[in-house]
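Source file: work_28.txt; contents: compact mmCIF, C-alpha atoms and all ligand atoms.
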```txt
# COMPACT_ATOMS: atom_id res chain seq x y z
CA MET D 1 113.25 30.08 130.33
CA SER D 2 109.89 31.08 131.74
CA ILE D 3 107.52 28.51 133.20
CA PRO D 4 104.62 27.87 130.80
CA SER D 5 101.36 29.38 131.99
CA ILE D 6 97.77 28.43 131.35
CA THR D 7 94.55 30.40 131.45
CA SER D 8 92.43 29.00 134.25
CA LYS D 9 89.12 27.51 133.14
CA LEU D 10 87.81 28.05 136.66
CA PRO D 11 89.45 31.30 137.75
CA GLN D 12 87.17 31.87 140.73
CA VAL D 13 87.47 28.39 142.20
CA GLY D 14 89.59 27.64 145.25
CA THR D 15 89.85 24.50 147.40
CA THR D 16 86.47 22.98 148.36
CA ILE D 17 85.17 23.80 151.80
CA PHE D 18 84.98 20.06 152.62
CA THR D 19 88.73 19.69 152.24
CA VAL D 20 89.39 22.95 154.07
CA MET D 21 87.24 22.04 157.09
CA SER D 22 88.35 18.40 157.27
CA SER D 23 92.01 19.47 157.18
CA LEU D 24 91.36 22.01 159.92
CA ALA D 25 89.53 19.40 162.01
CA THR D 26 92.44 16.95 161.65
CA GLU D 27 95.03 19.61 162.42
CA LEU D 28 93.20 20.74 165.57
CA GLY D 29 91.84 17.36 166.63
CA ALA D 30 88.29 18.78 166.41
CA VAL D 31 85.14 16.64 166.21
CA ASN D 32 84.34 16.62 162.50
CA LEU D 33 80.66 17.27 161.75
CA GLY D 34 81.71 19.09 158.57
CA GLN D 35 82.40 16.89 155.56
CA GLY D 36 79.66 14.36 154.83
CA PHE D 37 80.96 10.89 155.56
CA PRO D 38 80.09 8.25 158.14
CA ASP D 39 82.62 7.61 160.92
CA PHE D 40 81.33 4.10 161.60
CA PRO D 41 82.39 0.94 159.74
CA MET D 42 80.73 -0.24 156.57
CA ASN D 43 79.07 -3.64 156.29
CA GLU D 44 81.49 -6.51 157.00
CA GLU D 45 79.78 -8.86 154.55
CA LEU D 46 80.29 -6.40 151.71
CA ILE D 47 83.99 -6.14 152.58
CA LYS D 48 84.24 -9.93 152.46
CA LEU D 49 82.52 -10.01 149.08
CA VAL D 50 85.08 -7.57 147.63
CA ASP D 51 87.91 -9.63 149.10
CA LYS D 52 86.40 -12.76 147.58
CA ALA D 53 85.99 -11.09 144.18
CA MET D 54 89.64 -10.05 144.16
CA ARG D 55 90.78 -13.53 145.12
CA GLN D 56 88.57 -15.05 142.43
CA GLY D 57 90.42 -12.96 139.88
CA PHE D 58 87.98 -10.14 139.11
CA ASN D 59 90.85 -7.70 138.84
CA GLN D 60 90.81 -6.67 135.19
CA TYR D 61 88.72 -4.07 133.39
CA ALA D 62 85.00 -4.42 133.79
CA HIS D 63 82.67 -3.65 130.89
CA MET D 64 82.67 0.01 129.86
CA HIS D 65 79.00 0.35 130.85
CA GLY D 66 79.63 -1.38 134.18
CA LEU D 67 79.49 -5.03 135.15
CA GLN D 68 76.45 -6.55 133.48
CA SER D 69 75.28 -8.49 136.56
CA LEU D 70 75.36 -5.27 138.61
CA ARG D 71 73.34 -3.38 136.02
CA GLU D 72 70.82 -6.21 135.98
CA VAL D 73 70.45 -6.19 139.75
CA LEU D 74 70.02 -2.42 139.65
CA ALA D 75 67.27 -2.73 137.05
CA GLY D 76 65.50 -5.16 139.41
CA LYS D 77 65.88 -2.75 142.32
CA ILE D 78 64.44 0.12 140.27
CA ALA D 79 61.46 -1.99 139.20
CA PHE D 80 60.88 -2.97 142.83
CA LEU D 81 61.25 0.53 144.30
CA TYR D 82 59.83 2.77 141.61
CA GLY D 83 57.76 0.45 139.41
CA THR D 84 59.80 1.47 136.37
CA SER D 85 61.31 -0.78 133.78
CA VAL D 86 64.90 0.17 132.89
CA ASP D 87 67.00 -1.68 130.33
CA PRO D 88 70.36 -2.58 131.88
CA ALA D 89 71.97 -2.76 128.44
CA THR D 90 71.09 0.74 127.29
CA GLN D 91 70.00 2.81 130.29
CA ILE D 92 72.41 2.23 133.17
CA THR D 93 76.08 3.15 133.35
CA ILE D 94 78.25 2.51 136.40
CA THR D 95 80.44 5.51 137.21
CA PRO D 96 83.22 6.35 139.64
CA GLY D 97 80.83 8.11 142.03
CA GLY D 98 77.83 10.39 141.82
CA THR D 99 79.90 13.54 141.26
CA TYR D 100 81.42 12.04 138.12
CA ALA D 101 77.99 10.98 136.87
CA ILE D 102 76.74 14.57 137.25
CA TYR D 103 79.82 16.05 135.57
CA THR D 104 79.59 13.61 132.68
CA ALA D 105 75.90 14.33 132.17
CA VAL D 106 76.49 18.09 132.20
CA THR D 107 79.38 17.71 129.75
CA THR D 108 77.29 15.46 127.50
CA VAL D 109 74.53 18.03 127.16
CA LEU D 110 75.90 21.56 127.31
CA GLN D 111 76.97 23.74 124.42
CA PRO D 112 78.58 27.13 125.12
CA GLY D 113 75.99 29.73 126.07
CA ASP D 114 73.38 27.22 127.27
CA GLU D 115 71.56 28.29 130.42
CA VAL D 116 71.21 25.96 133.38
CA ILE D 117 68.80 26.51 136.24
CA ILE D 118 70.49 25.74 139.56
CA PHE D 119 68.86 26.11 142.95
CA GLN D 120 70.97 27.61 145.73
CA PRO D 121 72.32 26.57 148.15
CA CYS D 122 73.68 23.78 145.95
CA TYR D 123 76.26 21.04 146.12
CA ASP D 124 79.57 22.66 145.35
CA SER D 125 80.37 20.91 142.07
CA TYR D 126 77.29 22.03 140.11
CA ILE D 127 78.24 25.60 139.19
CA PRO D 128 81.86 24.78 138.19
CA ASN D 129 80.56 21.79 136.17
CA VAL D 130 78.35 24.13 134.17
CA GLU D 131 80.95 26.88 133.81
CA ILE D 132 83.77 24.63 132.63
CA ASN D 133 81.47 23.53 129.81
CA GLY D 134 80.75 27.10 128.75
CA GLY D 135 77.25 27.03 130.23
CA ILE D 136 75.64 29.89 132.10
CA PRO D 137 74.30 29.12 135.59
CA VAL D 138 70.92 30.73 136.21
CA LEU D 139 70.81 30.82 139.98
CA ILE D 140 67.58 30.69 141.94
CA ASN D 141 67.61 30.84 145.74
CA LEU D 142 65.50 28.28 147.58
CA LYS D 143 63.03 30.03 149.90
CA PHE D 144 64.61 30.35 153.33
CA PRO D 145 64.19 28.80 155.89
CA GLU D 146 62.23 25.86 154.39
CA TYR D 147 64.48 25.81 151.33
CA LYS D 148 61.53 25.32 148.97
CA ILE D 149 61.59 25.93 145.23
CA ASP D 150 59.77 29.07 144.08
CA TRP D 151 58.21 27.73 140.88
CA ASN D 152 56.92 31.15 139.86
CA GLU D 153 60.49 32.36 139.78
CA VAL D 154 61.51 29.28 137.81
CA LYS D 155 58.85 30.06 135.20
CA GLN D 156 60.08 33.66 134.97
CA ARG D 157 63.71 32.64 134.53
CA ILE D 158 63.11 30.12 131.72
CA THR D 159 64.33 31.48 128.36
CA PRO D 160 64.77 29.95 124.89
CA LYS D 161 68.35 29.24 125.99
CA THR D 162 67.37 27.15 129.05
CA ARG D 163 68.93 23.76 128.40
CA MET D 164 68.92 22.13 131.78
CA ILE D 165 67.52 22.12 135.31
CA MET D 166 69.61 20.62 138.11
CA LEU D 167 67.71 19.05 140.99
CA ASN D 168 68.88 17.41 144.21
CA SER D 169 66.54 15.56 146.55
CA PRO D 170 67.13 14.75 149.39
CA HIS D 171 69.11 17.93 149.36
CA ASN D 172 72.64 18.74 150.40
CA PRO D 173 73.19 20.94 152.42
CA THR D 174 69.64 21.53 153.73
CA GLY D 175 67.93 18.15 154.02
CA ALA D 176 64.92 19.48 152.06
CA VAL D 177 63.08 17.01 149.81
CA LEU D 178 60.95 17.41 146.71
CA SER D 179 57.20 16.96 147.22
CA GLU D 180 54.60 15.65 144.81
CA GLU D 181 53.52 19.25 144.26
CA ASP D 182 57.10 20.08 143.15
CA ILE D 183 56.94 17.23 140.66
CA GLN D 184 53.69 18.54 139.19
CA GLN D 185 55.22 21.99 138.86
CA LEU D 186 58.34 20.55 137.26
CA ARG D 187 56.21 18.62 134.81
CA SER D 188 54.38 21.76 133.75
CA VAL D 189 57.65 23.70 133.39
CA VAL D 190 59.42 21.17 131.15
CA LYS D 191 56.43 19.94 129.14
CA ASP D 192 56.89 20.49 125.40
CA SER D 193 60.37 21.97 126.03
CA ASN D 194 63.83 20.74 125.14
CA ILE D 195 64.97 20.97 128.77
CA ILE D 196 67.10 18.18 130.22
CA ILE D 197 66.93 17.39 133.95
CA ILE D 198 69.94 16.36 136.00
CA SER D 199 68.57 14.74 139.12
CA ASP D 200 71.08 14.17 141.90
CA GLU D 201 69.53 11.41 144.00
CA VAL D 202 72.59 10.21 145.88
CA TYR D 203 70.60 10.34 149.16
CA GLU D 204 67.62 8.42 147.72
CA HIS D 205 67.34 6.11 150.75
CA LEU D 206 68.09 8.75 153.36
CA ILE D 207 64.59 10.14 153.66
CA PHE D 208 62.69 10.50 156.92
CA ASP D 209 59.29 10.78 158.59
CA GLY D 210 57.61 8.38 156.17
CA LEU D 211 58.12 10.71 153.20
CA LEU D 212 58.34 9.23 149.74
CA HIS D 213 61.47 9.83 147.67
CA GLN D 214 60.27 11.66 144.57
CA SER D 215 62.66 10.04 142.14
CA MET D 216 62.50 11.00 138.48
CA LEU D 217 62.34 7.23 138.00
CA ARG D 218 58.72 7.28 139.17
CA TYR D 219 57.64 9.51 136.29
CA PRO D 220 58.19 8.21 132.72
CA ASP D 221 57.64 11.66 131.18
CA LEU D 222 60.36 13.15 133.42
CA MET D 223 62.66 10.17 133.21
CA GLU D 224 62.92 10.32 129.43
CA ARG D 225 64.52 13.76 129.72
CA SER D 226 66.64 13.08 132.83
CA PHE D 227 70.08 11.92 133.85
CA ILE D 228 69.53 10.46 137.31
CA CYS D 229 72.66 10.11 139.42
CA PHE D 230 73.31 7.80 142.38
CA SER D 231 76.18 6.90 144.72
CA PHE D 232 76.93 3.52 146.30
CA GLY D 233 79.20 5.41 148.70
CA LYS D 234 76.20 7.09 150.33
CA THR D 235 74.07 3.97 150.39
CA TYR D 236 76.62 1.56 151.80
CA HIS D 237 78.67 3.83 154.10
CA CYS D 238 81.74 3.70 151.89
CA THR D 239 82.14 7.20 150.45
CA GLY D 240 85.81 6.44 149.74
CA TRP D 241 84.84 3.79 147.20
CA LYS D 242 83.71 6.49 144.79
CA LEU D 243 81.31 4.27 142.90
CA GLY D 244 77.90 5.23 141.59
CA TYR D 245 75.71 5.07 138.52
CA CYS D 246 73.65 7.08 136.12
CA ILE D 247 70.28 6.22 134.56
CA SER D 248 68.73 7.81 131.53
CA SER D 249 66.80 7.10 128.35
CA PRO D 250 68.61 4.94 125.78
CA GLU D 251 69.05 7.97 123.48
CA LEU D 252 70.57 10.23 126.14
CA MET D 253 72.64 7.42 127.66
CA LYS D 254 74.22 6.69 124.28
CA GLU D 255 75.71 10.20 124.28
CA PHE D 256 76.67 10.00 127.98
CA ARG D 257 78.67 6.86 127.27
CA LYS D 258 80.61 8.61 124.48
CA VAL D 259 81.93 11.06 127.07
CA HIS D 260 82.43 8.42 129.74
CA GLN D 261 84.41 6.03 127.55
CA PHE D 262 87.22 8.51 126.98
CA ASN D 263 87.41 9.65 130.55
CA CYS D 264 87.10 6.91 133.13
CA PHE D 265 86.14 4.15 130.67
CA SER D 266 85.37 1.53 133.34
CA CYS D 267 85.13 1.30 137.12
CA HIS D 268 86.65 -0.76 139.91
CA SER D 269 85.80 -4.39 139.06
CA PRO D 270 85.84 -6.24 142.42
CA SER D 271 83.50 -3.71 144.06
CA GLN D 272 81.05 -4.16 141.22
CA VAL D 273 81.16 -7.95 141.57
CA ALA D 274 80.57 -7.62 145.32
CA LEU D 275 77.71 -5.17 144.92
CA SER D 276 75.97 -7.33 142.35
CA THR D 277 75.59 -9.96 145.09
CA PHE D 278 75.05 -7.63 148.03
CA LEU D 279 72.35 -5.59 146.33
CA LYS D 280 70.11 -8.63 146.13
CA SER D 281 69.43 -8.12 149.83
CA LYS D 282 66.84 -5.38 150.12
CA GLU D 283 67.26 -5.09 153.86
CA ALA D 284 70.50 -3.06 153.68
CA TYR D 285 68.95 -0.23 151.72
CA LEU D 286 65.41 -0.46 153.06
CA SER D 287 66.61 0.00 156.65
CA LEU D 288 68.80 3.01 155.89
CA GLY D 289 66.21 5.76 156.22
CA ALA D 290 65.13 4.62 159.69
CA MET D 291 68.73 4.27 160.85
CA MET D 292 69.64 7.75 159.68
CA GLN D 293 66.40 9.24 161.04
CA GLU D 294 67.33 7.88 164.44
CA LYS D 295 70.67 9.67 164.19
CA ARG D 296 68.98 12.89 163.15
CA ASP D 297 66.58 12.68 166.09
CA TYR D 298 69.33 11.80 168.53
CA PHE D 299 71.37 14.78 167.38
CA ILE D 300 68.39 17.14 167.57
CA GLY D 301 67.80 15.90 171.13
CA LEU D 302 71.41 16.60 172.08
CA MET D 303 71.27 20.06 170.51
CA ARG D 304 68.28 21.13 172.64
CA ASP D 305 70.64 22.36 175.33
CA THR D 306 72.55 24.61 172.93
CA ARG D 307 71.71 28.06 171.62
CA PHE D 308 71.52 26.86 168.03
CA GLU D 309 68.12 26.88 166.32
CA MET D 310 67.82 23.67 164.35
CA LEU D 311 66.10 23.86 160.96
CA LYS D 312 64.06 21.05 159.48
CA SER D 313 65.85 18.12 157.85
CA SER D 314 63.72 15.58 155.98
CA GLY D 315 66.57 13.65 154.41
CA SER D 316 70.32 13.34 153.59
CA TYR D 317 73.19 13.25 156.09
CA PHE D 318 72.69 16.86 157.07
CA ILE D 319 70.82 19.28 159.26
CA CYS D 320 71.27 23.05 159.25
CA ALA D 321 71.10 25.40 162.22
CA LYS D 322 70.74 29.14 162.69
CA TYR D 323 73.23 30.73 165.05
CA ASP D 324 72.01 34.34 165.02
CA ARG D 325 71.17 34.08 168.75
CA ILE D 326 74.87 33.47 169.34
CA SER D 327 76.72 35.76 166.96
CA ASP D 328 76.38 38.08 163.97
CA GLU D 329 79.71 36.98 162.49
CA LYS D 330 79.86 35.88 158.85
CA ASP D 331 79.03 32.17 158.74
CA SER D 332 82.46 31.25 157.34
CA ASP D 333 84.20 33.18 160.16
CA PHE D 334 81.86 31.62 162.71
CA ALA D 335 82.51 28.08 161.38
CA ILE D 336 86.28 28.53 161.54
CA ARG D 337 86.12 30.14 164.98
CA ILE D 338 84.03 27.38 166.55
CA THR D 339 86.33 24.78 165.04
CA LYS D 340 89.34 26.52 166.57
CA GLU D 341 87.86 27.64 169.90
CA PHE D 342 85.32 24.91 170.65
CA GLY D 343 86.69 21.95 168.67
CA VAL D 344 83.74 21.16 166.39
CA ALA D 345 84.11 21.44 162.60
CA VAL D 346 80.98 22.42 160.64
CA ILE D 347 80.26 23.80 157.17
CA PRO D 348 79.08 27.41 156.60
CA VAL D 349 76.06 27.32 154.27
CA SER D 350 77.06 30.48 152.35
CA VAL D 351 79.70 28.44 150.48
CA PHE D 352 76.86 26.70 148.68
CA TYR D 353 75.80 30.03 147.11
CA LYS D 354 77.69 31.71 144.28
CA ASN D 355 77.15 35.15 145.87
CA GLU D 356 77.79 33.75 149.38
CA THR D 357 74.28 34.53 150.71
CA ASP D 358 74.71 34.51 154.46
CA ASN D 359 71.60 33.62 156.48
CA LYS D 360 73.75 32.86 159.56
CA VAL D 361 73.30 29.15 159.01
CA ILE D 362 75.78 26.29 159.39
CA ARG D 363 75.48 22.65 158.35
CA PHE D 364 76.06 19.69 160.64
CA CYS D 365 76.62 16.15 159.38
CA PHE D 366 74.85 13.74 161.76
CA CYS D 367 75.88 10.54 159.99
CA LYS D 368 78.20 9.72 162.88
CA LYS D 369 78.53 7.36 165.85
CA LYS D 370 76.50 8.32 168.93
CA GLU D 371 79.73 9.03 170.81
CA THR D 372 80.81 11.48 168.11
CA LEU D 373 77.48 13.32 168.21
CA GLU D 374 77.62 13.39 172.03
CA ALA D 375 81.19 14.72 172.04
CA ALA D 376 80.23 17.44 169.56
CA ALA D 377 77.09 18.48 171.46
CA GLU D 378 79.01 18.69 174.72
CA LYS D 379 81.34 21.23 173.11
CA LEU D 380 78.55 23.08 171.31
CA ARG D 381 76.74 23.61 174.63
CA LEU D 382 79.60 25.84 175.71
CA ILE D 383 79.09 28.32 172.88
N1 LIG O 401 75.77 14.92 145.21
C1 LIG O 401 75.60 15.31 146.47
C2 LIG O 401 74.48 16.22 146.79
C3 LIG O 401 76.47 14.87 147.46
O1 LIG O 401 76.33 15.29 148.71
C4 LIG O 401 77.49 13.99 147.12
C5 LIG O 401 78.39 13.47 148.19
N2 LIG O 401 79.59 14.06 148.24
C6 LIG O 401 77.64 13.62 145.79
C7 LIG O 401 76.76 14.10 144.85
C8 LIG O 401 78.74 12.75 145.29
O2 LIG O 401 78.79 11.46 145.60
P1 LIG O 401 80.09 10.61 145.28
O3 LIG O 401 80.96 10.66 146.48
O4 LIG O 401 79.57 9.27 144.95
O5 LIG O 401 80.77 11.26 144.09
N1 LIG O 402 79.20 15.30 149.87
C1 LIG O 402 80.06 15.56 150.93
C2 LIG O 402 79.59 16.78 151.69
O1 LIG O 402 78.76 17.51 151.24
C3 LIG O 402 81.51 15.78 150.64
C4 LIG O 402 82.04 15.41 149.32
C5 LIG O 402 83.35 16.04 149.07
O2 LIG O 402 84.16 16.18 149.97
N2 LIG O 402 83.55 16.47 147.87
O3 LIG O 402 80.08 16.99 152.75
```

Show this structure as structure tokens.
Ligand code: PMP
Ligand code: GLN
Amino acid sequence: MSIPSITSKLPQVGTTIFTVMSSLATELGAVNLGQGFPDFPMNEELIKLVDKAMRQGFNQYAHMHGLQSLREVLAGKIAFLYGTSVDPATQITITPGGTYAIYTAVTTVLQPGDEVIIFQPCYDSYIPNVEINGGIPVLINLKFPEYKIDWNEVKQRITPKTRMIMLNSPHNPTGAVLSEEDIQQLRSVVKDSNIIIISDEVYEHLIFDGLLHQSMLRYPDLMERSFICFSFGKTYHCTGWKLGYCISSPELMKEFRKVHQFNCFSCHSPSQVALSTFLKSKEAYLSLGAMMQEKRDYFIGLMRDTRFEMLKSSGSYFICAKYDRISDEKDSDFAIRITKEFGVAVIPVSVFYKNETDNKVIRFCFCKKKETLEAAAEKLRLI
């Protein structure tokens, strides 16, 4: 009897680069500045709150939309940060992470043949999310090396089939952030259209140099056509929790929840109980940007003695660097070679492009302990 076969829905997709590089780093004992996760402990008080919630018996299914008290606290946070009123009953859904929120939103909206504008380099899940839903990615390269959006190109690439624009600020992998000018351009592009925005804001608090996070939540006209996706993992140094949330208009959220209820249905209860208390303290999230900026600056300082040319990072966990003074190898070959020969794992930026555009740039994750950054820089100086 032959083994049943299936037709792949994602024939071109392999294993994500994050898994590949982290596995290589573990195997070789390399310093891992590849995959984006902190290597320092999360907040002890938050751990205690989860422990307490479990002991108090919050171990059964939470509400399908997410724990009500958590949604209420989030609505308060949004009003405080962005001056926007969001109804916790109809506009917020807790999800198992930001990636899931994005996938669910894409699945909620797309019909086969719909076009989706995606800016490259982009987080690796976006293009497969669109393709698995029968959508057509319309890929626009951000202008190198500032990684800015070319709005003239956006206007040229809009067609009657354009259903969605995917945005990510602060941006992975480049650390670029949207400016007020970008928002004005976006407004003019989507005005009077049927275009939905997916706004990936998982790094909302990780923004530097006094810049303002241009959340869709600040702009009622944009918000009403957006699914805005967040991640507690990024905010509270617990990426392994895989907990996040999505915000939208009541009409759009109603459809999102139809997809969500037959997939994950509801998320980890004790973490939601803990977060509904912990989130009341503004300090933990208000201090994040400064803490991460210090890490960025420390890493840039350490990298001065290397031959890498650091690019600008205004937010996120990441900073990119050009290595063309060192080698003309393909970035993926270079990343693997330096992991093997010099013991530092990094991510080649070409993997964030469908056509593997290679500007000889690699991505470093600086959300690490000082010792880790020092150990990496010491090795990178030898290249
Ligand atoms: N979007 C971007 C740009 C990210 O870097 C990440 C982090 N991996 C996510 C979404 C997903 O976050 P989560 O781990 O909560 O799914
Ligand atoms: N967001 C993280 C990164 O860009 C990794 C997430 C993942 O491994 N899927 O490194």

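Look at segment 202-214 of chain D: the protein and nucleic acid residues within 6 Å of it, using all atoms listed in the file and passing over chain neighbours fewer than 4 places away, are D:Pro170, D:Phe230, D:Ser231, D:Gly289, D:Gln293, D:Ser314, D:Gly315, D:Ser316.
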
Give the residue list for ligand LIG 402 (chain O) at 6 Å, counting only C-alpha atoms and all ligand atoms, as a count of residues only, sorted by chain and then by residue number.
3

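Among the candidates D:Val361, D:Ile165, D:Ile6, D:Leu67, the residue lying nearest to Ser332 of chain D is D:Val361 (atoms considered: all atoms listed in the file).
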
Using only C-alpha atoms and all ligand atoms, find each protein or nucleic acid residue lying at most 6 Å from ligand LIG 401 (chain O); present the set as a PyMOL selection string.
chain D and resi 97-99+123+172+200+202+231+233+239+242-244

Create the file for the chosen residues now, containing C-alpha atoms and written as a CSV table (one decimal), keeping the file's coordinate frame.
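Just written: again_26.csv:
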```csv
chain,number,residue,atom,x,y,z
D,97,GLY,CA,80.8,8.1,142.0
D,98,GLY,CA,77.8,10.4,141.8
D,99,THR,CA,79.9,13.5,141.3
D,123,TYR,CA,76.3,21.0,146.1
D,172,ASN,CA,72.6,18.7,150.4
D,200,ASP,CA,71.1,14.2,141.9
D,202,VAL,CA,72.6,10.2,145.9
D,231,SER,CA,76.2,6.9,144.7
D,233,GLY,CA,79.2,5.4,148.7
D,239,THR,CA,82.1,7.2,150.4
D,242,LYS,CA,83.7,6.5,144.8
D,243,LEU,CA,81.3,4.3,142.9
D,244,GLY,CA,77.9,5.2,141.6
```

What is the distance, in Å and to one decimal place, between atom CA of Tyr353 of chain D and atom CA of Arg325 of chain D?
22.5 Å

So which residues fall inside 9 Å of (71.0, 5.1, 136.3) if we count all atoms listed in the file? Mind giving them as a VMD selection string?
chain D and resid 71 74 to 75 86 88 91 to 94 227 to 230 244 to 248

With only C-alpha atoms as the counted atoms, please give the residues lying no more than 12 Å from Ile198 of chain D, apart from itself and same-chain residues fewer than 5 positions off, as a ChimeraX atom specification.
/D:98-99,101-110,116-118,126,129-130,163-169,215-216,222-230,246-248,252

Can you report as AutoDock Vina command-line options the centre and edge lengths in Å, to one decimal, of an axis-aligned box around the listed atoms of segment 63-81 of chain D padded with 3 Å on each side?
```
--center_x 71.8 --center_y -4.0 --center_z 137.1 --size_x 27.8 --size_y 15.0 --size_z 20.4
```

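Residue nearest Thr84 of chain D within the list D:Leu217, D:Met42, D:Ile3, D:Ile140: D:Leu217 [criterion: smallest interatomic distance, all atoms listed in the file].
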
Quick one: everything within 6 Å of Ile347 of chain D, counting all atoms listed in the file, minus sequence neighbours fewer than 4 positions away in the same chain. Send it as an MDAnalysis selection string.
chainID D and resid 34 362:363

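Residue nearest Ser22 of chain D, chosen from D:Val344, D:Ile383, D:Leu70, D:Leu373 and counting only C-alpha atoms: D:Val344.
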